[in-house]
Structure formats: C-alpha cells, structure tokens
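File shown: run35.cif. Contents: mmCIF, C-alpha atoms.
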```
data_protein
#
loop_
_atom_site.group_PDB
_atom_site.id
_atom_site.type_symbol
_atom_site.label_atom_id
_atom_site.label_comp_id
_atom_site.auth_asym_id
_atom_site.auth_seq_id
_atom_site.Cartn_x
_atom_site.Cartn_y
_atom_site.Cartn_z
ATOM 1 C CA MET A 1 -0.635 7.609 -26.595
ATOM 2 C CA LYS A 2 2.741 6.844 -25.120
ATOM 3 C CA ILE A 3 1.372 7.657 -21.693
ATOM 4 C CA VAL A 4 -1.604 5.350 -22.200
ATOM 5 C CA THR A 5 0.713 2.528 -23.242
ATOM 6 C CA HIS A 6 2.902 3.178 -20.235
ATOM 7 C CA THR A 7 -0.116 3.069 -17.920
ATOM 8 C CA VAL A 8 -1.371 -0.177 -19.425
ATOM 9 C CA VAL A 9 2.043 -1.803 -19.134
ATOM 10 C CA THR A 10 2.700 -0.795 -15.525
ATOM 11 C CA HIS A 11 -0.782 -1.779 -14.383
ATOM 12 C CA THR A 12 -0.664 -5.117 -16.154
ATOM 13 C CA ALA A 13 2.707 -5.807 -14.561
ATOM 14 C CA ALA A 14 1.352 -4.884 -11.135
ATOM 15 C CA LEU A 15 -1.709 -7.058 -11.595
ATOM 16 C CA ALA A 16 0.406 -9.983 -12.793
ATOM 17 C CA LEU A 17 2.525 -9.648 -9.660
ATOM 18 C CA VAL A 18 -0.521 -9.656 -7.396
ATOM 19 C CA VAL A 19 -2.077 -12.651 -9.132
ATOM 20 C CA SER A 20 1.136 -14.688 -9.268
ATOM 21 C CA ALA A 21 1.955 -13.876 -5.639
ATOM 22 C CA GLU A 22 -1.397 -15.308 -4.577
ATOM 23 C CA ALA A 23 -1.019 -18.396 -6.762
ATOM 24 C CA PHE A 24 2.184 -19.470 -5.044
ATOM 25 C CA ALA A 25 2.251 -21.424 -1.827
ATOM 26 C CA THR A 26 3.448 -19.655 1.287
ATOM 27 C CA GLY A 27 6.362 -22.039 1.646
ATOM 28 C CA LEU A 28 5.703 -22.559 5.362
ATOM 29 C CA ALA A 29 5.151 -26.251 4.746
ATOM 30 C CA THR A 30 4.703 -28.612 1.831
ATOM 31 C CA CYS A 31 3.048 -31.997 1.623
ATOM 32 C CA ASP A 32 3.667 -34.589 -1.067
ATOM 33 C CA SER A 33 0.000 -35.460 -1.252
ATOM 34 C CA GLY A 34 -0.904 -36.255 -4.878
ATOM 35 C CA PRO A 35 -4.292 -35.467 -6.400
ATOM 36 C CA GLN A 36 -6.989 -34.029 -4.143
ATOM 37 C CA GLU A 37 -9.395 -36.923 -4.902
ATOM 38 C CA SER A 38 -7.181 -39.190 -2.807
ATOM 39 C CA TRP A 39 -7.281 -36.897 0.250
ATOM 40 C CA GLN A 40 -9.268 -37.381 3.404
ATOM 41 C CA PRO A 41 -12.110 -34.865 3.748
ATOM 42 C CA GLN A 42 -11.534 -31.554 5.548
ATOM 43 C CA ALA A 43 -14.557 -32.256 7.717
ATOM 44 C CA LYS A 44 -12.814 -35.290 9.197
ATOM 45 C CA LEU A 45 -9.785 -33.197 10.182
ATOM 46 C CA GLU A 46 -12.032 -30.544 11.653
ATOM 47 C CA GLN A 47 -13.934 -33.131 13.688
ATOM 48 C CA MET A 48 -10.672 -34.654 14.918
ATOM 49 C CA LEU A 49 -9.347 -31.274 16.064
ATOM 50 C CA LYS A 50 -12.627 -30.331 17.724
ATOM 51 C CA GLU A 51 -12.452 -33.516 19.755
ATOM 52 C CA LYS A 52 -8.969 -32.431 20.871
ATOM 53 C CA GLY A 53 -10.568 -29.240 22.188
ATOM 54 C CA TRP A 54 -9.560 -26.960 19.347
ATOM 55 C CA GLN A 55 -11.757 -24.160 18.119
ATOM 56 C CA VAL A 56 -11.281 -24.396 14.349
ATOM 57 C CA ARG A 57 -11.663 -21.084 12.550
ATOM 58 C CA ARG A 58 -10.661 -21.884 9.037
ATOM 59 C CA ILE A 59 -9.092 -24.617 6.920
ATOM 60 C CA LYS A 60 -7.266 -23.736 3.716
ATOM 61 C CA ILE A 61 -5.087 -25.679 1.319
ATOM 62 C CA ASP A 62 -1.471 -24.547 1.157
ATOM 63 C CA GLY A 63 1.476 -26.309 -0.407
ATOM 64 C CA GLY A 64 -0.555 -29.521 -0.730
ATOM 65 C CA CYS A 65 -1.329 -29.503 3.015
ATOM 66 C CA TYR A 66 -4.391 -28.604 5.003
ATOM 67 C CA GLU A 67 -3.659 -25.311 6.749
ATOM 68 C CA VAL A 68 -5.681 -24.788 9.913
ATOM 69 C CA TYR A 69 -6.320 -21.533 11.755
ATOM 70 C CA ALA A 70 -7.578 -22.321 15.218
ATOM 71 C CA LEU A 71 -7.438 -21.712 18.924
ATOM 72 C CA ASN A 72 -5.931 -24.822 20.468
ATOM 73 C CA GLU A 73 -7.027 -26.573 23.662
ATOM 74 C CA LYS A 74 -5.160 -23.938 25.693
ATOM 75 C CA GLY A 75 -6.876 -21.108 23.817
ATOM 76 C CA GLU A 76 -3.691 -20.161 21.976
ATOM 77 C CA ARG A 77 -3.803 -18.967 18.383
ATOM 78 C CA VAL A 78 -2.292 -21.600 16.106
ATOM 79 C CA GLU A 79 -1.678 -21.929 12.411
ATOM 80 C CA ALA A 80 -1.029 -25.626 11.911
ATOM 81 C CA TYR A 81 -0.431 -27.847 8.907
ATOM 82 C CA PHE A 82 -1.726 -31.379 8.403
ATOM 83 C CA HIS A 83 -1.020 -33.947 5.758
ATOM 84 C CA PRO A 84 -4.249 -34.423 3.811
ATOM 85 C CA LYS A 85 -3.805 -38.171 3.432
ATOM 86 C CA THR A 86 -2.709 -39.134 6.912
ATOM 87 C CA LEU A 87 -4.089 -36.079 8.803
ATOM 88 C CA GLU A 88 -0.804 -36.135 10.726
ATOM 89 C CA PRO A 89 0.641 -32.759 11.814
ATOM 90 C CA VAL A 90 3.293 -31.361 9.477
ATOM 91 C CA PRO A 91 6.083 -29.327 11.064
ATOM 92 C CA THR A 92 6.367 -25.735 9.844
ATOM 93 C CA LYS A 93 9.168 -23.230 10.035
ATOM 94 C CA ALA A 94 9.277 -21.999 13.599
ATOM 95 C CA LYS A 95 7.150 -18.956 14.311
ATOM 96 C CA MET B 1 21.366 42.307 -21.913
ATOM 97 C CA SER B 2 18.350 41.984 -24.128
ATOM 98 C CA GLU B 3 14.920 41.900 -22.560
ATOM 99 C CA ALA B 4 14.144 38.504 -24.133
ATOM 100 C CA GLN B 5 15.080 36.089 -21.378
ATOM 101 C CA PRO B 6 16.228 32.622 -22.330
ATOM 102 C CA ALA B 7 14.228 29.750 -20.901
ATOM 103 C CA THR B 8 15.944 28.883 -17.659
ATOM 104 C CA GLN B 9 15.358 26.217 -15.098
ATOM 105 C CA ARG B 10 14.938 27.044 -11.472
ATOM 106 C CA THR B 11 14.617 24.709 -8.581
ATOM 107 C CA VAL B 12 12.481 25.168 -5.506
ATOM 108 C CA ARG B 13 12.384 23.025 -2.406
ATOM 109 C CA VAL B 14 8.786 21.938 -1.970
ATOM 110 C CA TRP B 15 8.748 19.002 0.428
ATOM 111 C CA ASP B 16 10.177 19.445 3.882
ATOM 112 C CA LEU B 17 12.517 16.966 5.536
ATOM 113 C CA ALA B 18 9.758 15.314 7.591
ATOM 114 C CA VAL B 19 7.654 14.635 4.487
ATOM 115 C CA ARG B 20 10.633 13.202 2.652
ATOM 116 C CA ILE B 21 11.686 10.928 5.506
ATOM 117 C CA GLY B 22 8.079 9.869 6.077
ATOM 118 C CA HIS B 23 7.642 9.071 2.406
ATOM 119 C CA TRP B 24 10.570 6.670 2.280
ATOM 120 C CA LEU B 25 9.875 5.138 5.691
ATOM 121 C CA LEU B 26 6.308 4.392 4.648
ATOM 122 C CA ALA B 27 7.334 3.081 1.245
ATOM 123 C CA SER B 28 9.952 0.784 2.766
ATOM 124 C CA SER B 29 7.719 -0.425 5.585
ATOM 125 C CA ILE B 30 5.040 -1.355 3.031
ATOM 126 C CA LEU B 31 7.617 -3.164 0.923
ATOM 127 C CA VAL B 32 9.026 -5.039 3.919
ATOM 128 C CA ALA B 33 5.511 -5.902 5.104
ATOM 129 C CA TRP B 34 4.740 -7.365 1.711
ATOM 130 C CA LEU B 35 7.984 -9.343 1.557
ATOM 131 C CA THR B 36 7.445 -10.787 5.036
ATOM 132 C CA ARG B 37 3.719 -11.535 4.580
ATOM 133 C CA HIS B 38 4.222 -15.283 4.930
ATOM 134 C CA ALA B 39 7.456 -15.240 6.865
ATOM 135 C CA PRO B 40 7.590 -16.711 10.343
ATOM 136 C CA GLY B 41 8.674 -14.239 12.985
ATOM 137 C CA PRO B 42 7.519 -10.854 14.204
ATOM 138 C CA TRP B 43 8.646 -8.573 11.364
ATOM 139 C CA HIS B 44 5.417 -8.380 9.423
ATOM 140 C CA GLU B 45 3.549 -7.142 12.473
ATOM 141 C CA ARG B 46 6.319 -4.777 13.508
ATOM 142 C CA VAL B 47 6.499 -2.961 10.186
ATOM 143 C CA GLY B 48 2.699 -2.919 10.090
ATOM 144 C CA TYR B 49 2.562 -1.018 13.366
ATOM 145 C CA ALA B 50 5.426 1.173 12.158
ATOM 146 C CA SER B 51 3.426 2.147 9.074
ATOM 147 C CA LEU B 52 0.484 3.110 11.305
ATOM 148 C CA ALA B 53 2.802 5.290 13.362
ATOM 149 C CA ILE B 54 4.134 6.947 10.203
ATOM 150 C CA VAL B 55 0.592 7.677 9.025
ATOM 151 C CA ALA B 56 -0.301 9.136 12.428
ATOM 152 C CA ALA B 57 2.736 11.417 12.204
ATOM 153 C CA ARG B 58 1.846 12.412 8.645
ATOM 154 C CA VAL B 59 -1.730 13.277 9.610
ATOM 155 C CA THR B 60 -0.425 15.446 12.439
ATOM 156 C CA TRP B 61 1.979 17.072 10.010
ATOM 157 C CA GLY B 62 -0.978 17.684 7.710
ATOM 158 C CA TRP B 63 -2.237 20.189 10.282
ATOM 159 C CA CYS B 64 0.950 21.786 11.497
ATOM 160 C CA GLY B 65 3.636 21.035 8.911
ATOM 161 C CA SER B 66 5.155 23.251 6.262
ATOM 162 C CA THR B 67 3.010 24.834 3.534
ATOM 163 C CA HIS B 68 2.767 22.002 1.009
ATOM 164 C CA ALA B 69 2.614 19.325 3.688
ATOM 165 C CA ARG B 70 -0.687 20.656 4.982
ATOM 166 C CA PHE B 71 -4.015 19.184 4.006
ATOM 167 C CA ARG B 72 -5.406 22.596 3.292
ATOM 168 C CA ASP B 73 -2.731 23.042 0.647
ATOM 169 C CA PHE B 74 -3.655 19.954 -1.350
ATOM 170 C CA VAL B 75 -7.125 18.724 -0.415
ATOM 171 C CA ARG B 76 -9.467 20.369 -2.859
ATOM 172 C CA SER B 77 -13.177 20.164 -3.485
ATOM 173 C CA PRO B 78 -14.602 17.450 -5.768
ATOM 174 C CA SER B 79 -15.737 20.059 -8.306
ATOM 175 C CA ASN B 80 -12.270 21.613 -8.330
ATOM 176 C CA THR B 81 -10.756 18.164 -8.795
ATOM 177 C CA LEU B 82 -13.184 17.357 -11.595
ATOM 178 C CA SER B 83 -12.346 20.487 -13.529
ATOM 179 C CA TYR B 84 -8.646 19.785 -12.999
ATOM 180 C CA THR B 85 -9.158 16.295 -14.416
ATOM 181 C CA ARG B 86 -10.938 17.741 -17.427
ATOM 182 C CA THR B 87 -8.047 20.075 -18.180
ATOM 183 C CA LEU B 88 -5.586 17.228 -17.587
ATOM 184 C CA LEU B 89 -7.326 15.144 -20.241
ATOM 185 C CA GLU B 90 -7.213 18.090 -22.597
ATOM 186 C CA GLY B 91 -3.500 18.406 -21.883
ATOM 187 C CA CYS B 92 -3.644 21.948 -20.561
ATOM 188 C CA GLU B 93 -3.785 21.335 -16.829
ATOM 189 C CA ARG B 94 -2.704 23.860 -14.278
ATOM 190 C CA ARG B 95 0.609 23.093 -12.625
ATOM 191 C CA TYR B 96 0.956 22.950 -8.881
ATOM 192 C CA LEU B 97 4.009 23.232 -6.716
ATOM 193 C CA GLY B 98 2.652 20.774 -4.170
ATOM 194 C CA HIS B 99 0.205 17.967 -4.919
ATOM 195 C CA ASN B 100 -2.240 18.590 -7.734
ATOM 196 C CA PRO B 101 -5.943 17.991 -6.865
ATOM 197 C CA LEU B 102 -5.901 14.374 -8.061
ATOM 198 C CA GLY B 103 -2.637 13.734 -6.250
ATOM 199 C CA GLY B 104 -4.169 15.183 -3.091
ATOM 200 C CA TRP B 105 -7.028 12.703 -3.170
ATOM 201 C CA MET B 106 -4.553 9.953 -3.915
ATOM 202 C CA ILE B 107 -2.629 10.853 -0.772
ATOM 203 C CA LEU B 108 -5.829 10.724 1.287
ATOM 204 C CA ALA B 109 -6.616 7.333 -0.246
ATOM 205 C CA LEU B 110 -3.122 6.122 0.593
ATOM 206 C CA LEU B 111 -3.353 7.239 4.211
ATOM 207 C CA THR B 112 -6.841 5.719 4.604
ATOM 208 C CA THR B 113 -5.774 2.455 2.987
ATOM 209 C CA THR B 114 -2.772 2.170 5.278
ATOM 210 C CA ILE B 115 -4.943 2.745 8.344
ATOM 211 C CA LEU B 116 -7.445 0.105 7.205
ATOM 212 C CA VAL B 117 -4.775 -2.417 6.226
ATOM 213 C CA GLY B 118 -3.017 -1.869 9.550
ATOM 214 C CA ALA B 119 -6.233 -2.083 11.549
ATOM 215 C CA SER B 120 -7.404 -5.266 9.826
ATOM 216 C CA GLY B 121 -3.951 -6.771 10.293
ATOM 217 C CA TRP B 122 -4.079 -6.000 13.983
ATOM 218 C CA LEU B 123 -7.609 -7.441 14.182
ATOM 219 C CA TYR B 124 -6.285 -10.702 12.771
ATOM 220 C CA THR B 125 -3.905 -11.008 15.707
ATOM 221 C CA THR B 126 -6.707 -10.900 18.267
ATOM 222 C CA ASP B 127 -8.172 -14.165 19.556
ATOM 223 C CA ARG B 128 -11.615 -13.121 18.430
ATOM 224 C CA TYR B 129 -10.764 -12.482 14.777
ATOM 225 C CA TRP B 130 -7.889 -14.944 14.368
ATOM 226 C CA GLY B 131 -8.478 -17.037 11.240
ATOM 227 C CA VAL B 132 -11.671 -15.206 10.342
ATOM 228 C CA GLU B 133 -11.888 -15.168 6.576
ATOM 229 C CA TRP B 134 -13.330 -11.713 5.947
ATOM 230 C CA VAL B 135 -10.594 -10.045 7.991
ATOM 231 C CA GLU B 136 -7.870 -11.735 5.981
ATOM 232 C CA ARG B 137 -9.630 -10.960 2.707
ATOM 233 C CA LEU B 138 -10.066 -7.306 3.680
ATOM 234 C CA HIS B 139 -6.383 -7.089 4.602
ATOM 235 C CA GLY B 140 -5.254 -8.675 1.337
ATOM 236 C CA THR B 141 -7.708 -6.859 -0.913
ATOM 237 C CA LEU B 142 -7.032 -3.379 0.442
ATOM 238 C CA MET B 143 -3.344 -3.984 0.191
ATOM 239 C CA THR B 144 -3.555 -4.408 -3.603
ATOM 240 C CA TYR B 145 -4.167 -0.670 -3.718
ATOM 241 C CA TYR B 146 -0.446 -0.191 -3.236
ATOM 242 C CA TRP B 147 0.243 -2.098 -6.427
ATOM 243 C CA PHE B 148 -1.830 0.372 -8.365
ATOM 244 C CA TRP B 149 -0.539 3.332 -6.461
ATOM 245 C CA SER B 150 3.215 2.826 -6.868
ATOM 246 C CA PRO B 151 3.322 2.487 -10.684
ATOM 247 C CA ARG B 152 0.939 5.412 -10.941
ATOM 248 C CA MET B 153 3.254 7.573 -8.909
ATOM 249 C CA LEU B 154 6.284 6.501 -10.908
ATOM 250 C CA LEU B 155 4.340 7.315 -14.050
ATOM 251 C CA ALA B 156 3.360 10.751 -12.805
ATOM 252 C CA SER B 157 6.972 11.414 -11.872
ATOM 253 C CA SER B 158 8.303 10.348 -15.247
ATOM 254 C CA MET B 159 5.679 12.468 -17.002
ATOM 255 C CA ARG B 160 6.604 15.573 -15.099
ATOM 256 C CA ARG B 161 10.264 14.828 -14.485
ATOM 257 C CA CYS B 162 9.907 16.619 -11.208
ATOM 258 C CA ASP B 163 7.657 14.898 -8.719
ATOM 259 C CA ILE B 164 7.697 13.588 -5.188
ATOM 260 C CA ALA B 165 9.772 10.522 -5.993
ATOM 261 C CA ARG B 166 12.635 12.543 -7.368
ATOM 262 C CA ILE B 167 15.650 12.022 -5.199
ATOM 263 C CA SER B 168 16.456 15.722 -5.294
ATOM 264 C CA TRP B 169 13.040 16.514 -3.890
ATOM 265 C CA ARG B 170 12.898 19.688 -5.847
ATOM 266 C CA ARG B 171 10.111 20.773 -8.052
ATOM 267 C CA CYS B 172 11.528 22.069 -11.287
ATOM 268 C CA PHE B 173 9.826 24.185 -13.820
ATOM 269 C CA MET B 174 10.631 26.219 -16.839
ATOM 270 C CA ALA B 175 10.761 29.876 -16.072
ATOM 271 C CA GLY B 176 10.667 31.162 -19.595
ATOM 272 C CA LYS B 177 8.373 33.762 -21.021
ATOM 273 C CA GLU B 178 6.189 33.723 -17.926
ATOM 274 C CA SER B 179 9.048 34.103 -15.528
ATOM 275 C CA THR B 180 7.626 37.202 -13.891
ATOM 276 C CA ALA B 181 4.417 35.337 -13.140
ATOM 277 C CA HIS B 182 6.469 32.754 -11.270
ATOM 278 C CA ASP B 183 8.173 35.180 -9.009
ATOM 279 C CA GLY B 184 7.058 34.977 -5.446
ATOM 280 C CA LEU B 185 6.111 31.337 -5.750
ATOM 281 C CA ASP B 186 9.270 30.093 -4.099
ATOM 282 C CA ASP B 187 7.707 30.107 -0.695
ATOM 283 C CA GLY B 188 4.591 28.451 -2.151
ATOM 284 C CA GLY B 189 1.489 30.516 -1.770
ATOM 285 C CA ARG B 190 -1.832 29.230 -0.549
ATOM 286 C CA GLU B 191 -2.455 27.782 -3.992
ATOM 287 C CA GLY B 192 1.139 27.233 -4.973
ATOM 288 C CA ALA B 193 0.087 26.870 -8.568
ATOM 289 C CA LEU B 194 1.887 27.363 -11.796
ATOM 290 C CA SER B 195 -0.642 28.333 -14.395
#
```

For this file, produce the structure as structure tokens.
Amino acid sequence: MKIVTHTVVTHTAALALVVSAEAFATGLATCDSGPQESWQPQAKLEQMLKEKGWQVRRIKIDGGCYEVYALNEKGERVEAYFHPKTLEPVPTKAK
Amino acid sequence: MSEAQPATQRTVRVWDLAVRIGHWLLASSILVAWLTRHAPGPWHERVGYASLAIVAARVTWGWCGSTHARFRDFVRSPSNTLSYTRTLLEGCERRYLGHNPLGGWMILALLTTTILVGASGWLYTTDRYWGVEWVERLHGTLMTYYWFWSPRMLLASSMRRCDIARISWRRCFMAGKESTAHDGLDDGGREGALS
C-alpha cells in the first residue's frame, strides 16, 4: 500500500511538472497585448510575411506575442516574435 | 563457531565503470537539455547530440561490455517478463543481480526514446522540417517518458535499497540462511539471479 501511494505521489508530481512547464511562456519575448479579441488576425500577419518573401511554417502564441516559425526571404530558419496588435517585430533574446 | 550463520550483508560490484559514467552522463545531458529547451544559444542541441553519442556507446557496450552490461544478460522474453511481473505482484519475485526483466525492457525503452527524441530534435533543425508541428509534438511528447522513468527508477531503488542509482553502485543482498546458494554469484552468472 505504501508503495502504491509512493507511486501515485511521484507520478502526480511528475505530471504536474510537465503540465505546468507547458503552461508557462518560454520567456523569449513578452508582449503587453491585452485580451485576444483586440488582436489582429494571424492570417493578416501570415499574409504580410509571405509578401516579404517568407515561407511561414507555423504561428503560435507565446508570452502574448505571435511566435512565427519560418524561412525568411534569404531561406534562413527564423523564429520571430510579433506584437499581435501592431504586427511589429518584437526583439527576442539573441540566439 | 556454531553452524547457524548470522544474517550478513555482502556487497558485489555489478555495474562496470563505463555503465556508471554513461548513466550519469545521460541523466545529466537529459536534465540540461530540458532546462535549456527554450534557452537561446547552442546548448540544447549540443547536449542532445551528446545524449545520442552516449546511447550509441551504451548500445555498443551492450554487445561487448561486462556481464551485466550486456543485452543478453537483461533482455528477456515477453513470457519470461510476464511471469516475473506476476511474481512481483504476488510479492515473491526472483531477485536479479543485474536488471530484472521489467528493468531490462525499461532500459530498452529508455534507449529507444532517447534515439527518437534526438532524431526528431535534429529533424527540427533542418530547413525542411523547421517549424513543422508534428516534429515538435513528437519531440515534446516522447520526452515526457523521462518524467515517468526517473521517479520510477527512484522508487525501485528505494524499494530495494540497492539499485542502479545507488552512489556505491553495489548490489547488496542478505546472505543469511541461503548463503551457500549465493556463493559463486559474485562474478554474475548468465542469469545472475538471486532466487
């Protein structure tokens, strides 16, 4: 019984760690962007970047910013952040 | 002296130096990889490749290492593993000097997981798979295996008081009334089992 309790406790702790780790932002950039209803649509950002010659792979939300995985106009891999209200680039910690 | 021997404890070295070093290198590279998962800079990738190298070395060692390091010492058939599990649940499981049958499969799962996590991580750094969702999800999902593996190993160690995570790296066992049956096990036979 003690062993079962031990197992339950350690696994719950591990699971809590995994879940909480994923819930937090990465901390690479943060945007003070308010509620999502006031944001510009992702599609608009994607269109804008495509016109710049980017090949957009994926857009996520991280730290209140749009986080873009793309190949830029030079074909380089980039992970870039944009403010969801202004769609301006947000500087990140240097890679 | 009387023929009734008191219960005494003996220690036997089970894991060779390479296994011990590999164990801690892999454990620390996984920990560092997790801590640097969002960090800018090259460290996440570096320790990822390092963990692949450690696994490659361990697999090689599984063929030509010391007795208990070899796959043939601890990889056992599914039916063997099943019957071991049954006796484990009944609380009368056979004791092994090296990995027990469940532990053996756990090691294989650990090595496979590390290869897949490393490979998917590498894939994500290629132009073709950069930013592709399924690659990132595969990488992150497989990696959660470690969270279930580490507490399980700590648990197994605390249950037995003498497992792989013990700093002394010695398997201990009571050599009491069955002491004669234990003789000759120090070098770890093919089975290396304590019944």

Practice item. Determine which residues of chain B sit within 6 Å of chain A, taking into account all atoms listed in the file, and present them as a PyMOL selection string. Key: chain B and resi 38+40-41+131+147+151

Exercise for review: Convert the output of the PyMOL selection byres ((chain A and resi 65) around 7) on the shown file into explicit residues, formatted as a list in words.
Suggested key: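 So the PyMOL selection byres ((chain A and resi 65) around 7), applied here, picks out Thr30, Cys31, Ile61, Asp62, Gly63, Gly64, Tyr66, Glu67, Tyr81, Phe82, His83 and Pro84 of chain A.
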
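Atom pair CA of Ile115 (chain B) / CA of Ser28 (chain B): separated by 16.0 Å.
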
Study note, to complete from the structure: re CA of Val12 (chain B) and CA of Thr67 (chain B): distance 13.1 Å

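From CA of Lys52 (chain A) back to CA of Gly121 (chain B), the distance works out to 28.2 Å.
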
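Distances here use all atoms listed in the file; by that measure, the residue among B:Trp63, B:Leu110, B:Tyr84, B:Trp15 closest to Phe148 (chain B) is B:Leu110.
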
Check your understanding: Any chance you could work out the residue set of the PyMOL selection byres ((chain B and resi 138-146) around 7) here, as a ChimeraX atom specification?
Key -> /B:113,117,120-121,134-137,147-150

Selection result for the PyMOL selection byres ((chain A and resi 39) around 6) on this file, as a compact mmCIF listing (two decimals) with C-alpha atoms, in the coordinates of the input:
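Result file is selection04.txt:
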```txt
# COMPACT_ATOMS: atom_id res chain seq x y z
CA GLN A 36 -6.99 -34.03 -4.14
CA GLU A 37 -9.40 -36.92 -4.90
CA SER A 38 -7.18 -39.19 -2.81
CA GLN A 40 -9.27 -37.38 3.40
CA PRO A 84 -4.25 -34.42 3.81
CA LYS A 85 -3.80 -38.17 3.43
```
